[in-house]
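Asker: final-v1.json is reproduced below (JSON, C-alpha atoms).
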```json
[["chain", "number", "residue", "atom", "x", "y", "z"],
["A", 29, "MET", "CA", 76.06, -11.76, -116.22],
["A", 30, "ASN", "CA", 77.18, -11.69, -119.90],
["A", 31, "HIS", "CA", 74.33, -13.75, -121.24],
["A", 32, "LEU", "CA", 71.90, -11.39, -119.54],
["A", 33, "LEU", "CA", 73.44, -8.28, -121.07],
["A", 34, "LYS", "CA", 73.80, -9.70, -124.60],
["A", 35, "PRO", "CA", 70.31, -8.78, -125.84],
["A", 36, "LEU", "CA", 70.57, -5.33, -124.27],
["A", 37, "PRO", "CA", 71.79, -3.41, -127.38],
["A", 38, "PHE", "CA", 68.84, -4.79, -129.40],
["A", 39, "VAL", "CA", 66.37, -3.87, -126.69],
["A", 40, "CYS", "CA", 67.85, -0.36, -126.53],
["A", 41, "LEU", "CA", 67.52, 0.04, -130.32],
["A", 42, "LEU", "CA", 63.92, -1.16, -130.17],
["A", 43, "LEU", "CA", 63.10, 1.34, -127.43],
["A", 44, "LEU", "CA", 64.83, 4.20, -129.19],
["A", 45, "ALA", "CA", 62.80, 3.39, -132.30],
["A", 46, "GLY", "CA", 59.71, 3.62, -130.10],
["A", 47, "CYS", "CA", 60.74, 7.15, -129.09],
["A", 48, "ALA", "CA", 61.00, 8.34, -132.68],
["A", 49, "THR", "CA", 58.05, 10.38, -133.90],
["A", 50, "THR", "CA", 56.78, 10.57, -137.44],
["A", 51, "PRO", "CA", 57.57, 13.97, -138.96],
["A", 52, "ALA", "CA", 53.93, 14.92, -139.55],
["A", 53, "ASN", "CA", 52.14, 13.97, -136.36],
["A", 54, "VAL", "CA", 48.96, 15.79, -137.32],
["A", 55, "ALA", "CA", 46.24, 13.57, -135.90],
["A", 56, "GLY", "CA", 47.83, 13.12, -132.47],
["A", 57, "ALA", "CA", 48.22, 9.87, -130.62],
["A", 58, "GLY", "CA", 45.55, 9.87, -127.94],
["A", 59, "THR", "CA", 42.35, 7.87, -127.95],
["A", 60, "GLN", "CA", 39.66, 10.34, -128.93],
["A", 61, "LEU", "CA", 36.87, 9.47, -126.52],
["A", 62, "GLU", "CA", 39.08, 8.97, -123.49],
["A", 63, "MET", "CA", 40.80, 12.32, -124.03],
["A", 64, "ARG", "CA", 37.48, 14.09, -124.51],
["A", 65, "GLN", "CA", 36.30, 12.77, -121.17],
["A", 66, "ILE", "CA", 39.45, 13.91, -119.40],
["A", 67, "GLN", "CA", 39.36, 17.33, -121.04],
["A", 68, "THR", "CA", 35.64, 18.10, -120.62],
["A", 69, "ARG", "CA", 33.48, 19.24, -117.75],
["A", 70, "GLU", "CA", 29.78, 20.10, -117.85],
["A", 71, "TYR", "CA", 28.13, 22.87, -115.86],
["A", 72, "ASP", "CA", 24.46, 23.29, -114.93],
["A", 73, "THR", "CA", 24.10, 26.71, -116.48],
["A", 74, "LEU", "CA", 22.98, 28.13, -119.78],
["A", 75, "ASP", "CA", 24.91, 31.39, -119.44],
["A", 76, "ARG", "CA", 27.61, 30.96, -122.06],
["A", 77, "ALA", "CA", 28.88, 34.55, -121.73],
["A", 78, "MET", "CA", 29.42, 34.20, -117.98],
["A", 79, "THR", "CA", 31.11, 30.83, -118.48],
["A", 80, "MET", "CA", 33.48, 32.40, -121.01],
["A", 81, "ARG", "CA", 34.18, 35.23, -118.58],
["A", 82, "SER", "CA", 35.07, 32.62, -115.94],
["A", 83, "VAL", "CA", 37.29, 30.72, -118.40],
["A", 84, "ILE", "CA", 39.23, 33.91, -119.24],
["A", 85, "ALA", "CA", 39.57, 34.81, -115.54],
["A", 86, "THR", "CA", 40.82, 31.28, -114.78],
["A", 87, "LEU", "CA", 43.41, 31.45, -117.54],
["A", 88, "GLN", "CA", 44.57, 34.83, -116.23],
["A", 89, "ASP", "CA", 44.72, 33.43, -112.68],
["A", 90, "LEU", "CA", 46.93, 30.63, -114.00],
["A", 91, "GLY", "CA", 49.29, 33.18, -115.55],
["A", 92, "PHE", "CA", 48.21, 32.96, -119.19],
["A", 93, "THR", "CA", 47.80, 35.84, -121.61],
["A", 94, "ILE", "CA", 44.89, 35.54, -124.01],
["A", 95, "ASP", "CA", 45.96, 35.16, -127.63],
["A", 96, "GLN", "CA", 42.49, 35.00, -129.09],
["A", 97, "ALA", "CA", 38.91, 34.90, -127.86],
["A", 98, "ASP", "CA", 35.78, 34.41, -129.94],
["A", 99, "ALA", "CA", 32.43, 34.90, -128.22],
["A", 100, "GLU", "CA", 30.44, 33.55, -131.16],
["A", 101, "LEU", "CA", 32.36, 30.29, -131.42],
["A", 102, "GLY", "CA", 33.02, 30.10, -127.67],
["A", 103, "THR", "CA", 36.76, 29.61, -128.07],
["A", 104, "VAL", "CA", 39.66, 31.02, -126.05],
["A", 105, "THR", "CA", 43.32, 30.43, -126.90],
["A", 106, "ALA", "CA", 46.00, 31.40, -124.39],
["A", 107, "THR", "CA", 49.74, 31.12, -123.82],
["A", 108, "ARG", "CA", 51.85, 31.01, -120.69],
["A", 109, "LEU", "CA", 55.53, 31.75, -120.93],
["A", 110, "HIS", "CA", 57.34, 30.17, -118.04],
["A", 111, "ALA", "CA", 60.02, 27.53, -117.72],
["A", 112, "HIS", "CA", 57.85, 25.65, -120.21],
["A", 113, "THR", "CA", 55.75, 27.41, -122.85],
["A", 114, "MET", "CA", 52.21, 26.19, -122.36],
["A", 115, "ARG", "CA", 49.38, 26.79, -124.80],
["A", 116, "MET", "CA", 45.72, 26.12, -124.09],
["A", 117, "THR", "CA", 42.55, 26.13, -126.14],
["A", 118, "VAL", "CA", 39.28, 26.17, -124.23],
["A", 119, "THR", "CA", 35.89, 25.81, -125.90],
["A", 120, "VAL", "CA", 32.53, 26.60, -124.33],
["A", 121, "VAL", "CA", 29.51, 24.98, -126.01],
["A", 122, "LYS", "CA", 25.87, 24.49, -125.13],
["A", 123, "LYS", "CA", 24.91, 20.86, -124.67],
["A", 124, "ASP", "CA", 21.42, 19.38, -125.00],
["A", 125, "GLY", "CA", 19.99, 22.87, -124.50],
["A", 126, "GLN", "CA", 20.41, 22.41, -120.75],
["A", 127, "ARG", "CA", 24.09, 22.56, -119.91],
["A", 128, "ILE", "CA", 27.34, 24.13, -120.86],
["A", 129, "ALA", "CA", 30.29, 21.89, -121.73],
["A", 130, "VAL", "CA", 33.78, 23.30, -121.27],
["A", 131, "ARG", "CA", 36.61, 21.49, -123.02],
["A", 132, "ALA", "CA", 40.23, 22.37, -122.45],
["A", 133, "ASN", "CA", 43.29, 21.07, -124.16],
["A", 134, "ALA", "CA", 46.84, 21.94, -123.33],
["A", 135, "ARG", "CA", 50.27, 21.53, -124.87],
["A", 136, "ILE", "CA", 53.61, 22.07, -123.23],
["A", 137, "GLY", "CA", 56.23, 22.81, -125.85],
["A", 138, "GLU", "CA", 55.88, 20.07, -128.44],
["A", 139, "ASN", "CA", 53.95, 17.68, -126.23],
["A", 140, "SER", "CA", 50.23, 17.30, -125.62],
["A", 141, "VAL", "CA", 49.17, 17.20, -122.02],
["A", 142, "THR", "CA", 47.34, 13.90, -121.55],
["A", 143, "ASP", "CA", 47.59, 13.71, -117.80],
["A", 144, "ALA", "CA", 44.11, 13.63, -116.20],
["A", 145, "ALA", "CA", 45.32, 15.26, -112.94],
["A", 146, "THR", "CA", 46.51, 18.38, -114.81],
["A", 147, "TYR", "CA", 43.07, 18.88, -116.38],
["A", 148, "GLN", "CA", 41.48, 18.15, -113.02],
["A", 149, "ASP", "CA", 43.54, 21.04, -111.56],
["A", 150, "PHE", "CA", 42.33, 23.33, -114.36],
["A", 151, "PHE", "CA", 38.69, 22.49, -113.69],
["A", 152, "VAL", "CA", 39.14, 22.98, -109.93],
["A", 153, "ALA", "CA", 40.39, 26.50, -110.75],
["A", 154, "LEU", "CA", 37.49, 27.03, -113.19],
["A", 155, "ASP", "CA", 34.98, 25.85, -110.55],
["A", 156, "LYS", "CA", 36.25, 28.61, -108.24],
["A", 157, "ALA", "CA", 35.99, 31.25, -110.96],
["A", 158, "MET", "CA", 32.47, 30.05, -111.86],
["A", 159, "PHE", "CA", 31.49, 30.34, -108.20],
["A", 160, "LEU", "CA", 32.85, 33.91, -107.99],
["A", 161, "THR", "CA", 31.12, 34.93, -111.23],
["A", 162, "LEU", "CA", 27.84, 33.39, -110.06],
["A", 163, "HIS", "CA", 28.10, 35.40, -106.82],
["A", 164, "LYS", "CA", 28.96, 38.56, -108.74],
["A", 165, "VAL", "CA", 32.48, 38.93, -107.41],
["A", 166, "ASP", "CA", 34.83, 40.66, -109.88],
["B", 17, "MET", "CA", 70.70, -7.98, -108.61],
["B", 18, "ILE", "CA", 72.21, -8.71, -112.06],
["B", 19, "ARG", "CA", 68.73, -9.18, -113.51],
["B", 20, "LEU", "CA", 67.69, -5.83, -112.18],
["B", 21, "VAL", "CA", 70.23, -3.95, -114.33],
["B", 22, "PRO", "CA", 68.48, -4.45, -117.70],
["B", 23, "ALA", "CA", 65.09, -3.90, -116.06],
["B", 24, "ALA", "CA", 66.20, -0.61, -114.55],
["B", 25, "LEU", "CA", 67.61, 0.48, -117.90],
["B", 26, "LEU", "CA", 64.32, -0.32, -119.62],
["B", 27, "VAL", "CA", 62.34, 1.71, -117.10],
["B", 28, "ALA", "CA", 64.75, 4.65, -117.41],
["B", 29, "MET", "CA", 64.53, 4.62, -121.20],
["B", 30, "LEU", "CA", 60.75, 4.38, -121.24],
["B", 31, "GLY", "CA", 60.67, 7.28, -118.82],
["B", 32, "GLY", "CA", 62.74, 9.26, -121.29],
["B", 33, "CYS", "CA", 60.04, 8.85, -123.94],
["B", 34, "ALA", "CA", 57.28, 10.31, -121.78],
["B", 35, "ALA", "CA", 56.47, 14.00, -122.06],
["B", 36, "SER", "CA", 57.75, 15.79, -119.00],
["B", 37, "ILE", "CA", 54.82, 17.69, -117.53],
["B", 38, "PRO", "CA", 55.63, 19.85, -114.54],
["B", 39, "GLU", "CA", 53.54, 18.42, -111.70],
["B", 40, "PRO", "CA", 51.30, 21.37, -110.79],
["B", 41, "ALA", "CA", 51.15, 22.87, -114.32],
["B", 42, "LEU", "CA", 47.53, 24.03, -113.97],
["B", 43, "ARG", "CA", 47.16, 24.23, -110.20],
["B", 44, "LEU", "CA", 46.22, 27.62, -108.82],
["B", 45, "PRO", "CA", 49.19, 29.03, -106.89],
["B", 46, "GLU", "CA", 48.62, 30.37, -103.38],
["B", 47, "SER", "CA", 49.54, 33.86, -104.57],
["B", 48, "THR", "CA", 46.56, 33.94, -106.99],
["B", 49, "LEU", "CA", 44.54, 36.49, -105.04],
["B", 50, "ASP", "CA", 47.52, 38.83, -104.52],
["B", 51, "VAL", "CA", 48.43, 38.72, -108.20],
["B", 52, "ARG", "CA", 44.78, 39.19, -109.20],
["B", 53, "SER", "CA", 44.51, 42.32, -107.06],
["B", 54, "ILE", "CA", 47.73, 43.75, -108.57],
["B", 55, "GLN", "CA", 46.36, 43.13, -112.07],
["B", 56, "THR", "CA", 42.80, 44.37, -111.53],
["B", 57, "ARG", "CA", 41.13, 47.76, -111.04],
["B", 58, "SER", "CA", 37.54, 49.01, -111.03],
["B", 59, "LEU", "CA", 36.91, 52.10, -113.14],
["B", 60, "ALA", "CA", 33.84, 54.27, -113.51],
["B", 61, "ALA", "CA", 32.97, 55.04, -117.14],
["B", 62, "PRO", "CA", 29.86, 56.26, -118.96],
["B", 63, "SER", "CA", 29.88, 53.37, -121.45],
["B", 64, "GLU", "CA", 31.74, 50.28, -122.56],
["B", 65, "ILE", "CA", 32.80, 52.02, -125.79],
["B", 66, "ASP", "CA", 34.38, 54.85, -123.76],
["B", 67, "ILE", "CA", 36.47, 52.51, -121.64],
["B", 68, "LEU", "CA", 37.51, 50.33, -124.59],
["B", 69, "THR", "CA", 38.51, 53.41, -126.63],
["B", 70, "ALA", "CA", 40.48, 54.79, -123.68],
["B", 71, "THR", "CA", 42.17, 51.39, -123.22],
["B", 72, "ILE", "CA", 43.22, 51.20, -126.87],
["B", 73, "ALA", "CA", 44.56, 54.78, -126.65],
["B", 74, "VAL", "CA", 46.68, 53.82, -123.60],
["B", 75, "LEU", "CA", 48.09, 50.82, -125.45],
["B", 76, "GLN", "CA", 48.99, 53.13, -128.34],
["B", 77, "ASP", "CA", 50.57, 55.58, -125.87],
["B", 78, "MET", "CA", 52.72, 52.70, -124.61],
["B", 79, "GLU", "CA", 53.69, 51.88, -128.21],
["B", 80, "PHE", "CA", 51.91, 48.53, -128.29],
["B", 81, "ASN", "CA", 50.40, 47.10, -131.48],
["B", 82, "VAL", "CA", 46.83, 46.03, -130.90],
["B", 83, "GLU", "CA", 46.58, 42.54, -132.36],
["B", 84, "ARG", "CA", 43.06, 41.40, -131.58],
["B", 85, "ILE", "CA", 39.93, 42.76, -130.00],
["B", 86, "GLU", "CA", 36.94, 40.65, -129.07],
["B", 87, "LYS", "CA", 34.42, 43.22, -127.96],
["B", 88, "PRO", "CA", 31.70, 40.93, -126.54],
["B", 89, "LEU", "CA", 34.29, 39.42, -124.18],
["B", 90, "GLY", "CA", 36.16, 42.69, -123.59],
["B", 91, "VAL", "CA", 39.45, 41.06, -124.58],
["B", 92, "ILE", "CA", 42.21, 43.18, -126.11],
["B", 93, "THR", "CA", 45.52, 41.54, -127.03],
["B", 94, "ALA", "CA", 48.54, 43.68, -127.81],
["B", 95, "SER", "CA", 52.28, 43.23, -128.20],
["B", 96, "LYS", "CA", 55.50, 45.10, -128.80],
["B", 97, "ILE", "CA", 59.18, 44.41, -129.33],
["B", 98, "THR", "CA", 61.56, 46.64, -127.42],
["B", 99, "ASP", "CA", 65.15, 46.88, -126.28],
["B", 100, "ALA", "CA", 65.58, 44.72, -123.19],
["B", 101, "ASP", "CA", 68.32, 46.87, -121.67],
["B", 102, "SER", "CA", 67.77, 50.21, -120.09],
["B", 103, "ARG", "CA", 69.75, 53.12, -121.51],
["B", 104, "SER", "CA", 71.72, 53.39, -118.23],
["B", 105, "GLU", "CA", 72.71, 49.72, -118.45],
["B", 106, "LYS", "CA", 74.04, 50.25, -121.98],
["B", 107, "THR", "CA", 75.87, 53.42, -120.96],
["B", 108, "GLY", "CA", 77.44, 51.49, -118.08],
["B", 109, "LEU", "CA", 78.62, 48.73, -120.40],
["B", 110, "PHE", "CA", 79.99, 51.34, -122.84],
["B", 111, "PHE", "CA", 82.06, 52.99, -120.10],
["B", 112, "LEU", "CA", 83.25, 49.56, -118.96],
["B", 113, "ASP", "CA", 84.58, 48.97, -122.49],
["B", 114, "LEU", "CA", 86.12, 52.45, -122.50],
["B", 115, "LEU", "CA", 87.91, 51.91, -119.18],
["B", 116, "CYS", "CA", 89.10, 48.51, -120.36],
["B", 117, "ALA", "CA", 90.51, 50.04, -123.59],
["B", 118, "VAL", "CA", 92.17, 52.93, -121.71],
["B", 119, "GLY", "CA", 93.71, 50.43, -119.32],
["B", 120, "GLY", "CA", 95.22, 48.62, -122.29],
["B", 121, "GLY", "CA", 93.31, 45.40, -121.66],
["B", 122, "GLY", "CA", 92.30, 43.19, -124.56],
["B", 123, "GLY", "CA", 88.85, 41.81, -125.42],
["B", 124, "CYS", "CA", 86.96, 44.93, -124.37],
["B", 125, "ASP", "CA", 83.54, 43.82, -125.58],
["B", 126, "ALA", "CA", 81.18, 44.21, -122.63],
["B", 127, "LEU", "CA", 78.62, 46.07, -124.76],
["B", 128, "SER", "CA", 78.11, 43.01, -126.93],
["B", 129, "THR", "CA", 76.77, 41.18, -123.85],
["B", 130, "ALA", "CA", 73.81, 43.55, -123.80],
["B", 131, "GLN", "CA", 70.56, 41.68, -124.32],
["B", 132, "ASP", "CA", 69.08, 42.27, -127.69],
["B", 133, "ASP", "CA", 65.33, 42.64, -127.47],
["B", 134, "GLN", "CA", 62.25, 41.62, -125.59],
["B", 135, "HIS", "CA", 58.86, 40.59, -126.96],
["B", 136, "ILE", "CA", 56.09, 41.76, -124.63],
["B", 137, "THR", "CA", 52.56, 40.39, -124.86],
["B", 138, "LEU", "CA", 49.75, 42.08, -122.98],
["B", 139, "THR", "CA", 46.14, 41.07, -122.50],
["B", 140, "MET", "CA", 43.60, 43.51, -121.15],
["B", 141, "VAL", "CA", 40.12, 42.30, -120.26],
["B", 142, "VAL", "CA", 37.60, 45.09, -119.71],
["B", 143, "LEU", "CA", 34.12, 44.02, -118.67],
["B", 144, "PRO", "CA", 31.15, 45.56, -116.86],
["B", 145, "SER", "CA", 31.59, 45.03, -113.12],
["B", 146, "LEU", "CA", 29.46, 42.25, -111.70],
["B", 147, "ALA", "CA", 29.36, 43.90, -108.28],
["B", 148, "HIS", "CA", 28.72, 47.58, -109.13],
["B", 149, "SER", "CA", 26.61, 48.91, -112.00],
["B", 150, "GLY", "CA", 28.17, 51.76, -113.97],
["B", 151, "GLU", "CA", 31.65, 50.47, -113.19],
["B", 152, "TYR", "CA", 34.01, 48.37, -115.27],
["B", 153, "THR", "CA", 36.63, 45.88, -114.20],
["B", 154, "ALA", "CA", 39.93, 45.98, -116.05],
["B", 155, "ARG", "CA", 42.44, 43.18, -115.67],
["B", 156, "ILE", "CA", 45.84, 43.14, -117.30],
["B", 157, "THR", "CA", 48.28, 40.26, -117.72],
["B", 158, "ILE", "CA", 51.74, 40.79, -119.19],
["B", 159, "GLN", "CA", 54.43, 38.33, -120.28],
["B", 160, "ARG", "CA", 57.78, 38.79, -121.93],
["B", 161, "VAL", "CA", 60.44, 36.82, -123.75],
["B", 162, "ILE", "CA", 63.98, 38.19, -123.76],
["B", 163, "TYR", "CA", 66.29, 37.13, -126.58],
["B", 164, "ASP", "CA", 70.05, 37.48, -126.48],
["B", 165, "LYS", "CA", 72.26, 38.65, -129.35],
["B", 166, "MET", "CA", 72.18, 35.16, -130.85],
["B", 167, "ASP", "CA", 68.36, 35.11, -130.84],
["B", 168, "ARG", "CA", 68.34, 32.52, -128.09],
["B", 169, "ILE", "CA", 65.61, 32.78, -125.47],
["B", 170, "LYS", "CA", 67.13, 34.07, -122.22],
["B", 171, "VAL", "CA", 64.06, 34.78, -120.13],
["B", 172, "LEU", "CA", 60.43, 33.65, -120.30],
["B", 173, "GLU", "CA", 58.34, 35.25, -117.60],
["B", 174, "ARG", "CA", 55.09, 36.75, -116.43],
["B", 175, "ILE", "CA", 55.41, 40.32, -115.19],
["B", 176, "ASP", "CA", 54.19, 40.46, -111.58],
["B", 177, "ASP", "CA", 55.71, 43.79, -110.65],
["B", 178, "ALA", "CA", 52.97, 45.86, -108.94],
["B", 179, "GLU", "CA", 54.52, 49.19, -109.97],
["B", 180, "THR", "CA", 54.25, 48.38, -113.69],
["B", 181, "TYR", "CA", 50.55, 47.59, -113.37],
["B", 182, "GLN", "CA", 49.90, 50.67, -111.24],
["B", 183, "GLN", "CA", 51.55, 52.86, -113.88],
["B", 184, "ILE", "CA", 49.37, 51.39, -116.64],
["B", 185, "PHE", "CA", 46.20, 51.86, -114.58],
["B", 186, "ASP", "CA", 47.19, 55.47, -113.81],
["B", 187, "ASN", "CA", 47.62, 56.04, -117.54],
["B", 188, "LEU", "CA", 44.28, 54.35, -118.22],
["B", 189, "GLN", "CA", 42.57, 56.60, -115.68],
["B", 190, "LYS", "CA", 44.03, 59.68, -117.41],
["B", 191, "SER", "CA", 43.10, 58.35, -120.85],
["B", 192, "LEU", "CA", 39.53, 57.75, -119.68],
["B", 193, "PHE", "CA", 39.37, 61.31, -118.35],
["B", 194, "ILE", "CA", 40.51, 62.67, -121.72],
["B", 195, "GLN", "CA", 38.16, 60.36, -123.63],
["B", 196, "VAL", "CA", 35.08, 61.39, -121.60],
["B", 197, "GLY", "CA", 36.09, 65.08, -121.60],
["B", 198, "ALA", "CA", 36.51, 65.12, -125.37],
["B", 199, "LYS", "CA", 32.89, 64.08, -126.01]]
```
For this file, write the structure as structure tokens.
Answerer:
Amino acid sequence: MNHLLKPLPFVCLLLLAGCATTPANVAGAGTQLEMRQIQTREYDTLDRAMTMRSVIATLQDLGFTIDQADAELGTVTATRLHAHTMRMTVTVVKKDGQRIAVRANARIGENSVTDAATYQDFFVALDKAMFLTLHKVD
Amino acid sequence: MIRLVPAALLVAMLGGCAASIPEPALRLPESTLDVRSIQTRSLAAPSEIDILTATIAVLQDMEFNVERIEKPLGVITASKITDADSRSEKTGLFFLDLLCAVGGGGGCDALSTAQDDQHITLTMVVLPSLAHSGEYTARITIQRVIYDKMDRIKVLERIDDAETYQQIFDNLQKSLFIQVGAK
């Protein structure tokens, strides 16, 4: 029993060191391409204004208030105050002149959301809003 | 069994490093449609400028500061800081202190438990209706943070109270009437 527990303090120290973050974590930790794939969905439409309308409606459906929206740059920033403060930035850009790419990234408190299922949920909600907008339902 | 102890500790500690994301953080709740209908109204207006001007006037009436407007998207963001306690609540706490003092009790400081202030953020999205020409759809979302006397966050919440939204839409309807009548 004792010989098994002997290295434990060192292992604990090593793990705690792993938890420590550098003070200026500016660049983030995720792999760029992988995160982009998780955070992006493309739509077969060229109507950027309608897509932005759907993005704003989705964020409102999810309980966010819009902090800033820019039609020219296709960017929406929103905050949700709940048990956790969640902030999202969603960009809407034309891609290859044929499609619209929507990219969302979210943070909860001090942490980036990297979980694919969470973004999947967001795009499921956006799909519904896009459908309603397409069928002219307010 | 003995070998499992360090292993379990390792797993627990690694778990502690991971960011805790609430499971359905971006999943649409079942109440979405109900909340959407509370927050949304269709309004008839001669032009987009009329309805946006009337909306800004209502926000000013409600003592909000308009922070940002993005006209092409119909997004207006506004905020205000107010007292979180109603006047009656404060009066009640004052009389509680008074009764306590008259009764000769010590530590009569109920009034100091009054919440300090609340920061309210409001987004109003006003866009031409997709379903009916000549009409506009207005949707409001409101959130608030309540801070206590020590500036600690006490409450973080979205306002879902139907009466609050109805009152704002009633005011908007009146403001629109004044705006159109003044032209």
Asker: Closest to Ile169 in chain B among A:Arg64, A:Thr59, A:Asp95, A:Leu109, using only C-alpha atoms?
Answerer: A:Leu109
Asker: Given a cut-off of 9 Å, which residues of chain A touch chain B, counting only C-alpha atoms, written out as a ChimeraX atom specification?
Answerer: /A:29,32-33,36,39-40,43-44,46-48,77,80-81,84-86,88-100,108-114,136,138-141,143,145-153,161,163-166
Asker: What does the structure give for the distance between CA of Arg76 in chain A and CA of Val120 in chain A, in Å to one decimal?
Answerer: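 These atoms are spaced 7.0 Å apart.
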Asker: When you look at Asp133 in chain B with a cut-off of 7 Å (counting all atoms listed in the file), what residues show up, excluding the ones that are within fewer than 6 positions of it in the same chain? I need them as a PDB file with C-alpha atoms, in the frame of the given file.
Answerer:
```
ATOM      1  CA  ILE B  97      59.180  44.410-129.330  1.00  0.00           C
ATOM      2  CA  THR B  98      61.560  46.640-127.420  1.00  0.00           C
ATOM      3  CA  ASP B  99      65.150  46.880-126.280  1.00  0.00           C
ATOM      4  CA  ALA B 100      65.580  44.720-123.190  1.00  0.00           C
ATOM      5  CA  ILE B 162      63.980  38.190-123.760  1.00  0.00           C
ATOM      6  CA  TYR B 163      66.290  37.130-126.580  1.00  0.00           C
TER       7      TYR B 163
END
```
Asker: For the atom pair CA of Gln60 in chain A and CA of Val83 in chain A, what is the interatomic distance in Å to one decimal place?
Answerer: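 Between CA of Gln60 in chain A and CA of Val83 in chain A the gap works out to 23.1 Å.
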Asker: Mind pulling up the distance from CA of Ala60 in chain B to CA of Ser149 in chain B?
Answerer: 9.1 Å
Asker: May I have the protein, DNA and RNA residues with an atom at most 12 Å from (47.9, 53.2, -114.2), counting only C-alpha atoms in the file's coordinates, returned as a ChimeraX atom specification?
Answerer: /B:54-59,71,74-75,78,154-156,178-192
Asker: Once N, CA and C atoms are restored for range 80-92 of chain A, what would the output be as a JSON list (two decimals), in the frame of the given file?
Answerer:
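Okay, rebuild-v7.json is ready:
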```json
[["chain", "number", "residue", "atom", "x", "y", "z"],
["A", 80, "MET", "N", 32.28, 31.95, -120.29],
["A", 80, "MET", "CA", 33.48, 32.40, -121.01],
["A", 80, "MET", "C", 34.27, 33.40, -120.17],
["A", 81, "ARG", "N", 33.53, 34.27, -119.48],
["A", 81, "ARG", "CA", 34.18, 35.23, -118.58],
["A", 81, "ARG", "C", 34.99, 34.48, -117.50],
["A", 82, "SER", "N", 34.39, 33.42, -116.96],
["A", 82, "SER", "CA", 35.07, 32.62, -115.94],
["A", 82, "SER", "C", 36.29, 31.91, -116.51],
["A", 83, "VAL", "N", 36.16, 31.41, -117.75],
["A", 83, "VAL", "CA", 37.29, 30.72, -118.40],
["A", 83, "VAL", "C", 38.46, 31.69, -118.56],
["A", 84, "ILE", "N", 38.16, 32.90, -119.03],
["A", 84, "ILE", "CA", 39.23, 33.91, -119.24],
["A", 84, "ILE", "C", 39.87, 34.28, -117.90],
["A", 85, "ALA", "N", 39.03, 34.47, -116.87],
["A", 85, "ALA", "CA", 39.57, 34.81, -115.54],
["A", 85, "ALA", "C", 40.46, 33.68, -115.00],
["A", 86, "THR", "N", 40.02, 32.43, -115.24],
["A", 86, "THR", "CA", 40.82, 31.28, -114.78],
["A", 86, "THR", "C", 42.18, 31.25, -115.47],
["A", 87, "LEU", "N", 42.15, 31.45, -116.79],
["A", 87, "LEU", "CA", 43.41, 31.45, -117.54],
["A", 87, "LEU", "C", 44.33, 32.57, -117.04],
["A", 88, "GLN", "N", 43.75, 33.73, -116.76],
["A", 88, "GLN", "CA", 44.57, 34.83, -116.23],
["A", 88, "GLN", "C", 45.11, 34.48, -114.84],
["A", 89, "ASP", "N", 44.26, 33.85, -114.02],
["A", 89, "ASP", "CA", 44.72, 33.43, -112.68],
["A", 89, "ASP", "C", 45.89, 32.46, -112.79],
["A", 90, "LEU", "N", 45.86, 31.64, -113.83],
["A", 90, "LEU", "CA", 46.93, 30.63, -114.00],
["A", 90, "LEU", "C", 48.15, 31.21, -114.72],
["A", 91, "GLY", "N", 48.11, 32.52, -114.99],
["A", 91, "GLY", "CA", 49.29, 33.18, -115.55],
["A", 91, "GLY", "C", 49.35, 33.21, -117.07],
["A", 92, "PHE", "N", 48.23, 32.94, -117.72],
["A", 92, "PHE", "CA", 48.21, 32.96, -119.19],
["A", 92, "PHE", "C", 47.88, 34.36, -119.70]]
```
